[in-house]
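Chemist: So that you have it, the file is target-v5.txt, and it contains compact mmCIF, C-alpha atoms:
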# COMPACT_ATOMS: atom_id res chain seq x y z
CA MET A 115 0.38 1.18 -14.84
CA GLU A 116 2.43 -1.83 -15.89
CA LYS A 117 5.39 0.31 -16.98
CA GLN A 118 5.37 2.33 -13.75
CA ALA A 119 5.21 -0.79 -11.57
CA ARG A 120 8.01 -2.51 -13.48
CA ALA A 121 10.19 0.62 -13.41
CA TRP A 122 9.71 0.98 -9.65
CA MET A 123 10.48 -2.67 -8.93
CA PHE A 124 13.41 -3.15 -11.33
CA LYS A 125 15.12 -0.06 -9.93
CA ARG A 126 14.79 -1.17 -6.33
CA LEU A 127 15.63 -4.80 -6.97
CA LYS A 128 18.83 -3.74 -8.72
CA GLY A 129 19.92 -1.77 -5.67
CA LEU A 130 18.95 -4.58 -3.32
CA HIS A 131 20.74 -7.17 -5.43
CA GLY A 132 23.90 -5.06 -5.56
CA ILE A 133 24.05 -4.90 -1.77
CA TRP A 134 23.57 -8.63 -1.17
CA LYS A 135 25.73 -9.77 -4.08
CA THR A 136 28.56 -7.65 -2.69
CA ARG A 137 28.12 -9.17 0.75
CA LEU A 138 28.07 -12.70 -0.68
CA HIS A 139 31.27 -12.23 -2.71
CA ARG A 140 33.05 -10.33 0.04
CA ALA A 141 32.65 -13.33 2.33
CA PHE A 142 33.71 -15.72 -0.42
CA THR A 143 36.91 -13.82 -1.15
CA THR A 144 37.89 -13.69 2.52
CA LEU A 145 40.40 -16.54 2.23
CA ARG A 146 42.31 -18.10 5.10
CA VAL A 147 45.64 -19.64 4.07
CA ILE A 148 46.36 -22.89 5.88
CA ASN A 149 49.65 -23.77 4.14
CA ASP A 150 51.33 -23.44 0.75
CA THR A 151 48.85 -25.76 -0.92
CA GLN A 152 45.71 -25.42 1.20
CA GLY A 153 43.28 -22.66 2.05
CA SER A 154 39.67 -22.17 3.11
CA ILE A 155 36.78 -20.17 1.77
CA ARG A 156 33.78 -18.77 3.59
CA LEU A 157 30.20 -19.18 2.38
CA ASP A 158 27.69 -16.69 3.79
CA HIS A 159 24.59 -18.89 3.82
CA TRP A 160 22.33 -16.05 4.91
CA ALA A 161 23.46 -13.94 1.94
CA MET A 162 22.97 -16.95 -0.33
CA MET A 163 19.40 -17.32 0.87
CA VAL A 164 18.66 -13.62 0.34
CA ASN A 165 20.20 -13.64 -3.14
CA ASN A 166 18.02 -16.59 -4.11
CA LYS A 167 14.96 -14.75 -2.77
CA ILE A 168 15.89 -11.70 -4.85
CA TRP A 169 15.97 -13.84 -7.99
CA ASP A 170 12.61 -15.30 -6.97
CA LEU A 171 11.31 -11.72 -6.89
CA TYR A 172 12.79 -11.00 -10.33
CA ARG A 173 11.05 -14.11 -11.67
CA ASP A 174 7.72 -13.12 -10.11
CA LEU A 175 8.09 -9.58 -11.42
CA ASP A 176 8.56 -10.79 -14.97
CA THR A 177 5.70 -13.29 -14.81
CA ILE A 178 3.09 -11.38 -12.80
CA VAL A 179 3.57 -7.66 -13.53
CA ARG A 180 2.48 -7.79 -17.15
CA SER A 181 -0.51 -6.53 -19.09
CA ARG A 182 -3.28 -9.07 -19.57
CA THR A 183 -4.54 -9.25 -23.16
CA ASP A 184 -7.01 -12.10 -22.68
CA GLY A 185 -10.18 -11.37 -24.64
CA PHE A 186 -8.68 -8.56 -26.74
CA ALA A 187 -8.58 -8.79 -30.53
CA MET A 188 -4.86 -9.29 -31.18
CA VAL A 189 -3.02 -9.78 -34.47
CA TYR A 190 -3.88 -13.46 -34.31
CA GLY A 191 -7.47 -12.67 -33.34
CA VAL A 192 -9.16 -13.63 -30.09
CA ASP A 193 -8.18 -16.81 -28.26
CA PRO A 194 -10.64 -19.46 -29.53
CA ARG A 195 -11.54 -20.33 -25.96
CA LEU A 196 -12.91 -16.80 -25.54
CA SER A 197 -14.88 -16.67 -28.77
CA ARG A 198 -18.11 -16.41 -26.78
CA ILE A 199 -16.98 -13.28 -24.95
CA GLY A 200 -20.53 -12.43 -23.95
CA ASP A 201 -20.94 -15.53 -21.82
CA PRO A 202 -21.44 -15.16 -18.03
CA ALA A 203 -18.41 -14.55 -15.85
CA GLU A 204 -18.88 -17.99 -14.28
CA SER A 205 -18.09 -19.50 -17.68
CA LEU A 206 -15.28 -17.15 -18.72
CA ASN A 207 -13.32 -16.87 -15.46
CA PRO A 208 -12.02 -20.46 -15.51
CA ILE A 209 -10.88 -19.88 -19.10
CA TYR A 210 -9.06 -16.70 -18.12
CA ALA A 211 -7.39 -18.60 -15.26
CA GLN A 212 -6.34 -21.38 -17.64
CA ILE A 213 -4.83 -18.93 -20.13
CA GLU A 214 -2.99 -17.11 -17.35
CA ALA A 215 -1.62 -20.36 -15.91
CA GLU A 216 -0.35 -21.37 -19.35
CA ARG A 217 1.34 -17.99 -19.83
CA MET A 218 3.09 -18.12 -16.47
CA SER A 219 4.18 -21.74 -16.79
CA GLY A 220 5.45 -21.03 -20.31
CA PHE A 221 7.64 -18.16 -19.13
CA LYS A 222 8.96 -20.12 -16.17
CA ALA A 223 9.84 -23.03 -18.46
CA LEU A 224 11.69 -20.62 -20.75
CA LEU A 225 13.57 -19.15 -17.79
CA ASP A 226 14.44 -22.59 -16.38
CA ALA A 227 15.77 -23.64 -19.80
CA SER A 228 17.97 -20.52 -20.02
CA ILE A 229 19.37 -21.12 -16.52
CA GLY A 230 19.87 -24.80 -17.33
CA GLU A 231 21.99 -23.94 -20.36
CA ILE A 232 24.22 -21.71 -18.22
CA THR A 233 24.60 -24.45 -15.60
CA ALA A 234 25.41 -27.09 -18.23
CA ALA A 235 28.07 -24.87 -19.80
CA ARG A 236 29.65 -24.24 -16.40
CA LEU A 237 29.75 -27.93 -15.51
CA ALA A 238 31.23 -28.75 -18.91
CA ASP A 239 34.32 -26.71 -17.98
CA GLY A 240 35.02 -29.05 -15.08
CA PRO A 241 33.41 -30.44 -11.96
CA MET A 242 32.95 -28.26 -8.88
CA PRO A 243 33.09 -29.39 -5.25
CA GLU A 244 29.61 -30.31 -4.09
CA PHE A 245 29.60 -27.70 -1.32
CA MET A 246 30.16 -25.00 -4.00
CA GLU A 247 27.19 -25.95 -6.19
CA ALA A 248 24.60 -23.84 -4.34
CA PHE A 249 26.90 -20.81 -4.48
CA CYS A 250 27.56 -21.23 -8.20
CA PHE A 251 23.90 -21.79 -9.00
CA ILE A 252 23.09 -18.27 -7.81
CA GLY A 253 25.37 -16.97 -10.55
CA ASP A 254 23.64 -19.28 -13.03
CA ARG A 255 20.27 -17.79 -12.11
CA GLU A 256 21.59 -14.28 -12.62
CA ALA A 257 23.18 -15.03 -16.02
CA GLY A 258 20.23 -17.09 -17.25
CA HIS A 259 17.65 -14.44 -16.38
CA LYS A 260 19.70 -11.58 -17.81
CA ARG A 261 19.82 -13.38 -21.17
CA LEU A 262 16.04 -12.93 -21.32
CA GLN A 263 15.55 -9.60 -19.53
CA TYR A 264 17.76 -6.57 -20.26
CA LEU A 265 15.82 -4.41 -17.77
CA ILE A 266 17.65 -6.11 -14.91
CA ASP A 267 20.81 -4.16 -15.78
CA GLN A 268 18.98 -1.20 -17.34
CA PRO A 269 15.89 -0.44 -15.22
CA PRO A 270 13.39 1.86 -17.00
CA GLU A 271 12.86 5.36 -15.68
CA LEU A 272 9.73 6.20 -13.74
CA LYS A 273 7.45 8.61 -15.61
CA MET A 274 5.36 11.46 -14.26
CA GLU A 275 2.01 10.17 -13.01
CA ASN A 276 -1.12 11.39 -14.78
CA TRP A 277 -2.47 13.15 -11.70
CA VAL A 278 0.78 15.10 -11.32
CA ARG A 279 0.75 16.01 -15.01
CA ASP A 280 -2.84 17.23 -14.78
CA LEU A 281 -2.18 19.35 -11.69
CA SER A 282 0.96 20.89 -13.22
CA GLU A 283 -1.14 22.62 -15.90
CA ASP A 284 -1.14 26.43 -15.62
CA GLU A 285 -4.92 26.65 -15.26
CA VAL A 286 -4.74 24.68 -12.00
CA GLU A 287 -4.06 27.25 -9.28
CA LEU A 288 -4.49 25.04 -6.22
CA PHE A 289 -5.74 21.68 -5.01
CA GLY A 290 -6.20 20.03 -1.65
CA PHE A 291 -8.63 19.58 1.21
CA VAL A 292 -10.59 21.36 3.88
CA ILE A 293 -9.33 20.20 7.28
CA TYR A 294 -11.18 20.60 10.56
CA ARG A 295 -9.63 21.24 13.93
CA LEU A 296 -11.67 19.09 16.33
CA SER A 297 -9.21 19.05 19.23
CA TYR A 298 -9.59 22.03 21.56
CA THR A 299 -7.50 21.48 24.70
CA GLU A 300 -4.19 22.70 23.23
CA THR A 301 -2.90 26.21 23.78
CA ASP A 302 -2.31 28.36 20.70
CA GLU A 303 1.42 27.68 20.92
CA GLU A 304 0.92 23.93 21.29
CA TRP A 305 -1.52 23.85 18.40
CA GLU A 306 0.79 25.74 16.06
CA ALA A 307 3.67 23.41 16.95
CA PHE A 308 1.50 20.38 16.27
CA ARG A 309 0.14 21.84 13.05
CA THR A 310 3.66 22.47 11.77
CA LYS A 311 4.69 18.90 12.61
CA MET A 312 1.62 17.44 10.91
CA GLU A 313 2.01 19.49 7.72
CA GLU A 314 5.70 18.57 7.53
CA GLY A 315 4.61 14.92 7.62
CA LEU A 316 2.21 15.50 4.72
CA ASP A 317 4.85 17.32 2.67
CA SER A 318 7.62 14.77 3.33
CA VAL A 319 6.28 12.60 0.51
CA TRP A 320 6.96 15.03 -2.35
CA ASP A 321 10.60 14.01 -2.79
CA GLY A 322 9.50 10.58 -3.98
CA ILE A 323 7.04 11.82 -6.61
CA ILE A 324 8.27 12.54 -10.15
CA GLY A 325 7.43 16.12 -11.15
CA SER A 326 6.35 17.15 -7.66
CA ASP A 327 8.34 20.38 -7.93
CA LYS A 328 5.65 21.61 -10.33
CA ILE A 329 2.68 20.99 -8.04
CA LYS A 330 3.69 20.89 -4.37
CA SER A 331 3.38 24.67 -4.05
CA LYS A 332 -0.25 24.34 -5.18
CA ALA A 333 -1.18 21.85 -2.44
CA VAL A 334 -3.44 23.59 0.08
CA LEU A 335 -5.11 22.75 3.38
CA GLN A 336 -7.94 25.14 4.25
CA TRP A 337 -8.27 25.00 8.03
CA VAL A 338 -11.62 25.31 9.78
CA ASP A 339 -11.72 25.62 13.57
CA GLY A 340 -14.63 23.51 14.77
CA ARG A 341 -15.27 25.92 17.65
CA ASP A 342 -16.06 28.65 15.13
CA ALA A 343 -17.99 26.40 12.73
CA ASP A 344 -21.40 25.97 14.34
CA SER A 345 -19.60 24.97 17.55
CA ILE A 346 -18.77 21.43 16.40
CA PRO A 347 -18.26 19.21 19.48
CA GLU A 348 -14.70 18.04 20.04
CA GLY A 349 -13.93 14.93 18.00
CA ASN A 350 -17.38 14.79 16.34
CA LEU A 351 -16.72 13.68 12.76
CA GLU A 352 -20.41 13.47 11.84
CA ALA A 353 -20.96 17.11 12.80
CA ALA A 354 -17.91 18.06 10.73
CA ARG A 355 -19.37 16.18 7.76
CA LYS A 356 -22.65 18.09 7.98
CA HIS A 357 -20.81 21.41 8.21
CA PHE A 358 -18.60 20.50 5.23
CA GLN A 359 -21.61 19.67 3.06
CA ASP A 360 -22.88 23.24 3.54
CA PHE A 361 -19.45 24.85 3.53
CA THR A 362 -18.67 23.68 -0.02
CA LYS A 363 -21.54 25.86 -1.26
CA THR A 364 -20.32 29.08 0.37
CA PRO A 365 -18.16 31.84 -1.20
CA THR A 366 -15.40 31.27 1.39
CA PHE A 367 -14.79 27.72 0.13
CA ALA A 368 -11.56 27.79 -1.90
CA LYS A 369 -12.16 26.80 -5.52
CA GLY A 370 -10.09 23.76 -6.47
CA LEU A 371 -10.34 21.92 -3.16
CA SER A 372 -12.05 18.55 -2.94
CA THR A 373 -15.81 18.75 -2.51
CA THR A 374 -16.17 15.03 -1.79
CA VAL A 375 -13.62 14.50 0.98
CA CYS A 376 -12.40 16.52 3.95
CA LEU A 377 -9.90 15.89 6.73
CA ALA A 378 -10.09 16.29 10.51
CA MET A 379 -7.78 16.33 13.50
CA THR A 380 -9.26 14.96 16.73
CA PRO A 381 -7.65 14.38 20.12
CA VAL A 382 -6.91 10.82 18.98
CA SER A 383 -5.09 11.88 15.81
CA VAL A 384 -3.31 14.72 17.60
CA SER A 385 -1.94 12.21 20.11
CA SER A 386 -0.53 10.12 17.25
CA PHE A 387 1.87 13.00 16.50
CA SER A 388 2.88 13.52 20.15
CA GLU A 389 6.42 13.16 21.43
CA ASP A 390 5.28 10.20 23.54
CA GLN A 391 4.82 8.25 20.31
CA SER A 392 8.30 9.07 18.95
CA ALA A 393 9.27 5.39 18.90
CA ASN A 394 6.45 4.69 16.45
CA LYS A 395 7.18 7.43 13.93
CA THR A 396 8.16 5.13 11.09
CA GLY A 397 6.49 2.71 8.73
CA ASP A 398 2.84 1.96 9.31
CA PHE A 399 2.61 3.52 12.79
CA ARG A 400 3.21 7.18 11.96
CA GLY A 401 0.93 10.08 12.79
CA PHE A 402 -2.49 9.92 11.15
CA LEU A 403 -5.47 12.09 10.21
CA HIS A 404 -9.19 11.36 9.93
CA VAL A 405 -10.77 11.31 6.46
CA ILE A 406 -14.48 12.05 6.00
CA ASP A 407 -16.64 11.12 3.01
CA SER A 408 -19.11 13.99 2.49
CA SER A 409 -21.60 11.82 0.58
CA PHE A 410 -22.03 9.27 3.38
CA ASP A 411 -25.63 8.99 4.60
CA PRO A 412 -25.87 7.52 8.13
CA THR A 413 -29.63 7.00 7.74
CA LYS A 414 -28.94 4.24 5.21
CA VAL A 415 -26.84 2.16 7.59
CA PRO A 416 -28.84 -0.76 9.05
CA SER A 417 -28.64 -1.26 12.77
CA PRO A 418 -26.22 -4.14 13.51
CA SER A 419 -28.44 -5.32 16.38
CA SER A 420 -31.68 -5.32 14.44
CA THR A 421 -32.96 -8.62 13.13
CA PRO A 422 -35.31 -8.13 10.20
CA ALA A 423 -38.60 -9.98 10.34
CA PRO A 424 -39.16 -12.73 7.78
CA SER A 425 -40.34 -11.29 4.52
CA THR A 426 -41.94 -12.73 1.45
CA SER A 427 -40.00 -10.22 -0.60
CA ARG A 428 -37.09 -11.64 -2.56
CA GLN A 429 -34.85 -8.88 -1.18
CA ASN A 430 -34.01 -8.64 2.50
CA PRO A 431 -34.56 -4.99 3.58
CA ALA A 432 -31.40 -5.10 5.70
CA ARG A 433 -29.39 -5.97 2.63
CA GLN A 434 -30.53 -3.00 0.60
CA SER A 435 -28.03 -0.70 2.35
CA PRO A 436 -25.33 0.59 -0.02
CA TYR A 437 -22.74 0.28 2.76
CA LYS A 438 -20.83 -2.61 4.25
CA PRO A 439 -21.40 -3.48 7.94
CA GLY A 440 -19.41 -1.25 10.26
CA TYR A 441 -18.76 1.45 7.66
CA ASP A 442 -19.35 5.00 8.94
CA GLY A 443 -17.98 7.11 6.10
CA THR A 444 -14.65 7.80 7.79
CA PHE A 445 -11.23 6.21 8.19
CA LYS A 446 -7.77 7.18 9.44
CA ILE A 447 -4.84 7.67 7.07
CA LEU A 448 -1.09 8.05 7.54
CA ASP A 449 0.12 11.61 7.02
CA GLN A 450 2.43 10.66 4.13
CA LEU A 451 -0.44 9.16 2.11
CA VAL A 452 -2.75 12.17 2.03
CA TRP A 453 -1.39 13.52 -1.27
CA PRO A 454 -0.20 10.46 -3.25
CA GLU A 455 -3.07 8.13 -2.30
CA LEU A 456 -6.09 9.92 -0.83
CA PHE A 457 -5.97 12.81 -3.28
CA ALA A 458 -4.49 11.05 -6.31
CA LEU A 459 -6.46 7.80 -6.10
CA ASN A 460 -9.75 8.92 -4.58
CA ALA A 461 -10.47 12.63 -4.38
CA LYS A 462 -9.20 13.57 -7.84
CA GLY A 463 -10.75 10.91 -10.02
CA GLY A 464 -12.22 8.18 -7.87
CA ALA A 465 -9.90 5.45 -9.15
CA VAL A 466 -10.15 3.86 -5.70
CA LYS A 467 -13.45 4.01 -3.81
CA PHE A 468 -13.56 5.58 -0.37
CA GLU A 469 -15.16 2.49 1.13
CA ASP A 470 -12.44 0.26 -0.33
CA MET A 471 -9.79 2.34 1.44
CA TRP A 472 -11.78 1.93 4.65
CA ILE A 473 -11.75 -1.86 4.18
CA VAL A 474 -7.95 -1.82 3.95
CA SER A 475 -7.65 0.41 7.02
CA ALA A 476 -9.82 -1.98 9.05
CA GLN A 477 -7.04 -4.60 8.93
CA HIS A 478 -4.55 -2.32 10.72
CA PRO A 479 -4.29 -2.62 14.55
CA TRP A 480 -5.01 1.11 14.85
CA ALA A 481 -7.54 0.98 11.95
CA VAL A 482 -5.27 3.25 9.88
CA TYR A 483 -5.01 3.19 6.08
CA THR A 484 -1.36 2.50 5.18
CA GLY A 485 -1.60 1.91 1.43
CA ALA A 486 -0.42 -1.30 -0.20
CA THR A 487 0.56 -4.04 2.23
CA THR A 488 2.29 -7.42 2.19
CA GLY A 489 1.13 -10.74 3.55
CA VAL A 490 3.87 -10.68 6.19
CA ARG A 491 2.79 -7.25 7.43
CA ARG A 492 -0.88 -8.24 7.59
CA ARG A 493 0.07 -11.38 9.54
CA ASN A 494 1.96 -9.21 12.04
CA TRP A 495 -1.12 -7.01 12.37
CA ARG A 496 -3.35 -10.03 13.06
CA GLU A 497 -0.93 -11.16 15.75
CA MET A 498 -0.95 -7.69 17.30
CA ARG A 499 -4.75 -7.55 17.29
CA GLY A 500 -4.92 -11.02 18.77
CA MET A 501 -2.50 -10.09 21.53
CA GLY A 502 -4.46 -6.90 22.21
CA GLY A 503 -7.66 -8.88 22.59
CA HIS A 504 -5.88 -11.36 24.87
CA MET A 505 -4.58 -8.55 27.10
CA LEU A 506 -8.06 -6.99 27.34
CA LYS A 507 -9.50 -10.35 28.33
CA LEU A 508 -6.85 -10.80 31.04
CA ALA A 509 -7.47 -7.28 32.33
CA LYS A 510 -11.22 -7.93 32.49
CA GLU A 511 -10.74 -11.23 34.31
CA LYS A 512 -8.35 -9.59 36.78
CA SER A 513 -10.77 -6.74 37.47
CA GLN A 514 -13.51 -9.27 38.24
CA THR A 515 -11.33 -11.19 40.70
CA ASP A 516 -10.03 -8.03 42.42
CA VAL A 517 -13.47 -6.94 43.74
CA PRO A 518 -13.02 -6.24 47.46
CA ILE A 519 -14.97 -8.46 49.86
CA ARG A 520 -17.28 -6.58 52.22
When written as C-alpha cells, how does the structure in this file appear?

Modeler:
Amino acid sequence: MEKQARAWMFKRLKGLHGIWKTRLHRAFTTLRVINDTQGSIRLDHWAMMVNNKIWDLYRDLDTIVRSRTDGFAMVYGVDPRLSRIGDPAESLNPIYAQIEAERMSGFKALLDASIGEITAARLADGPMPEFMEAFCFIGDREAGHKRLQYLIDQPPELKMENWVRDLSEDEVELFGFVIYRLSYTETDEEWEAFRTKMEEGLDSVWDGIIGSDKIKSKAVLQWVDGRDADSIPEGNLEAARKHFQDFTKTPTFAKGLSTTVCLAMTPVSVSSFSEDQSANKTGDFRGFLHVIDSSFDPTKVPSPSSTPAPSTSRQNPARQSPYKPGYDGTFKILDQLVWPELFALNAKGGAVKFEDMWIVSAQHPWAVYTGATTGVRRRNWREMRGMGGHMLKLAKEKSQTDVPIR
C-alpha cells in the first residue's frame, strides 16, 4: 500500500512540478532591456507560491506516506516505551503519537539541514539582491530535497493491484454485480440509450488501472427488470434487496457475481445521467448508481423518534442496533467508482465496510460516494449544503407570506 501510494504521488508531483517550474522560469527569462547596462526581470509570484506548495507536498509525502513499524520487533528490538505491548490502547496511543512526532520532526530537521547547506553554498558565491531571495530559495528546496530523495527524479512504477491480479487468473471467468432496473417511464429506445451511456461511464475507469486489459472483458452486469421480478415498485430499493436475497440462490444467478452487493437504477439515478445535467458531468457530480447491501436488516434499525424508557439494564436497548443512525443499507456511488472501489474494496474482500462507504457518501451534497476526498472539497460541500438549506428556508418563508387573503 505504501509503495503504490508513493508511486502514484511521486509520478503526479513530477508532472505538476515540471509544468509550474517551466512557467516560473519562462517569466524570469522574459527580460526587458532598458539600455546597454540595465534591464529588468519578471517574477511570477503566483508560480512561486505554487512551486513552494509543491515542495510542501513533497515534504509531506516523504514524512507521512511511510510504513509505521511502531511495536514491531525490529533489528534493535521493540522500542522500550512499547515494552508493555499488551497494555490498554489508552496507555499505548500517546506513546505511538510521541514516536510518530519524533520521526516526523527528525526527518524535517534532516531536510531543513540539507536545504540550509545548499542555501549557504549559494550565498557563499556572492550576495543576491533581496528581491531575488524568495525565487532562489525555491531552487534551494529542490536541490536540498533531491539530495535525500532520488524518487523525485525517478518515480517508481505503479504495480498491478492484488484484486486485478486475482481476477486475471484463468479460473476466473467473470465478476461483477446484479443490477436492477427500477425506472419504468422510459421507452425501450430511451432506456437502451441511457444504459449504453451508464455502462460507458463504468468502463471509462479501466484505462487508469494497471493490468485492466486482462480483466475488463470479464466484468459483467446482470440486468434484472424490476417489472418482471415480482413486480418491484418503481424506485423501491428495499423490495429489490429482498428479491436479490432470493435471486442469489437460483440457477439463473450468474456464478462469480457478488452475492453481498447489488446495484439499482431509479428515476433519481437515471436523471443524473440526463442531458440536462451535462454541465455536471465531471469530478464529484457525475452520474451515479444506487448500491444495496443484501445483508442489511431493517428490523434492527431503531426508530429515530422513539425515546427508550429508563432501564436498570447497563445497556440501552436503543444502542444495541448494529447500525449507525440514518443508515438504511444503501448509498449512491459515482459510475467510475463501481469497479475500482465498490468491487475492489468492498464486494471482493471487504477491505472497506459497506457502512463506512455510506458514511463518506453522507458528506456529499447529493449523498453520493466519491471515494477519497480533500479538506477543501469537503468544505465546499458543507458550503453547498448550507446554501441549500438557506434557500429552502427562504422558499418556505416566502410560501407562508404569499398565502392569499380571503

Chemist: Quick one: residues within 12 Å of (-12.0, 14.4, 19.0) (file frame), counting all atoms listed in the file, please, as number ranges by chain.

Modeler: A: 294-299, 340, 346-354, 378-385, 403-404

Chemist: With C-alpha atoms retained, write the just-selected residues as a CSV table (one decimal), in the frame of the given file.

Modeler:
chain,number,residue,atom,x,y,z
A,294,TYR,CA,-11.2,20.6,10.6
A,295,ARG,CA,-9.6,21.2,13.9
A,296,LEU,CA,-11.7,19.1,16.3
A,297,SER,CA,-9.2,19.0,19.2
A,298,TYR,CA,-9.6,22.0,21.6
A,299,THR,CA,-7.5,21.5,24.7
A,340,GLY,CA,-14.6,23.5,14.8
A,346,ILE,CA,-18.8,21.4,16.4
A,347,PRO,CA,-18.3,19.2,19.5
A,348,GLU,CA,-14.7,18.0,20.0
A,349,GLY,CA,-13.9,14.9,18.0
A,350,ASN,CA,-17.4,14.8,16.3
A,351,LEU,CA,-16.7,13.7,12.8
A,352,GLU,CA,-20.4,13.5,11.8
A,353,ALA,CA,-21.0,17.1,12.8
A,354,ALA,CA,-17.9,18.1,10.7
A,378,ALA,CA,-10.1,16.3,10.5
A,379,MET,CA,-7.8,16.3,13.5
A,380,THR,CA,-9.3,15.0,16.7
A,381,PRO,CA,-7.6,14.4,20.1
A,382,VAL,CA,-6.9,10.8,19.0
A,383,SER,CA,-5.1,11.9,15.8
A,384,VAL,CA,-3.3,14.7,17.6
A,385,SER,CA,-1.9,12.2,20.1
A,403,LEU,CA,-5.5,12.1,10.2
A,404,HIS,CA,-9.2,11.4,9.9

Chemist: What is the distance, in Å and to one decimal place, between atom CA of A:Trp305 and atom CA of A:Pro454?

Modeler: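 Here the two named atoms are 25.5 Å from each other.
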
Chemist: If you measure from atom CA of A:Leu448 to atom CA of A:Gly485, what distance in Å do you get, rounded to one decimal?

Modeler: 8.7 Å

Chemist: Record the distance separating atom CA of A:Arg355 and atom CA of A:Ile406, expressed in Å with one decimal.

Modeler: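 Between these atoms lies a distance of 6.6 Å.
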
Chemist: Taking only C-alpha atoms into account, which of A:Val415, A:Val452, A:Val490, A:Leu130 comes nearest A:Pro439?

Modeler: A:Val415

Chemist: Compare A:Thr413, A:Thr484, A:Gln336, A:Thr374 by their minimum atom-to-atom distance to A:Leu451, counting only C-alpha atoms, and give me the closest one.

Modeler: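 Between A:Thr413, A:Thr484, A:Gln336, A:Thr374, the residue approaching A:Leu451 most closely is A:Thr484.
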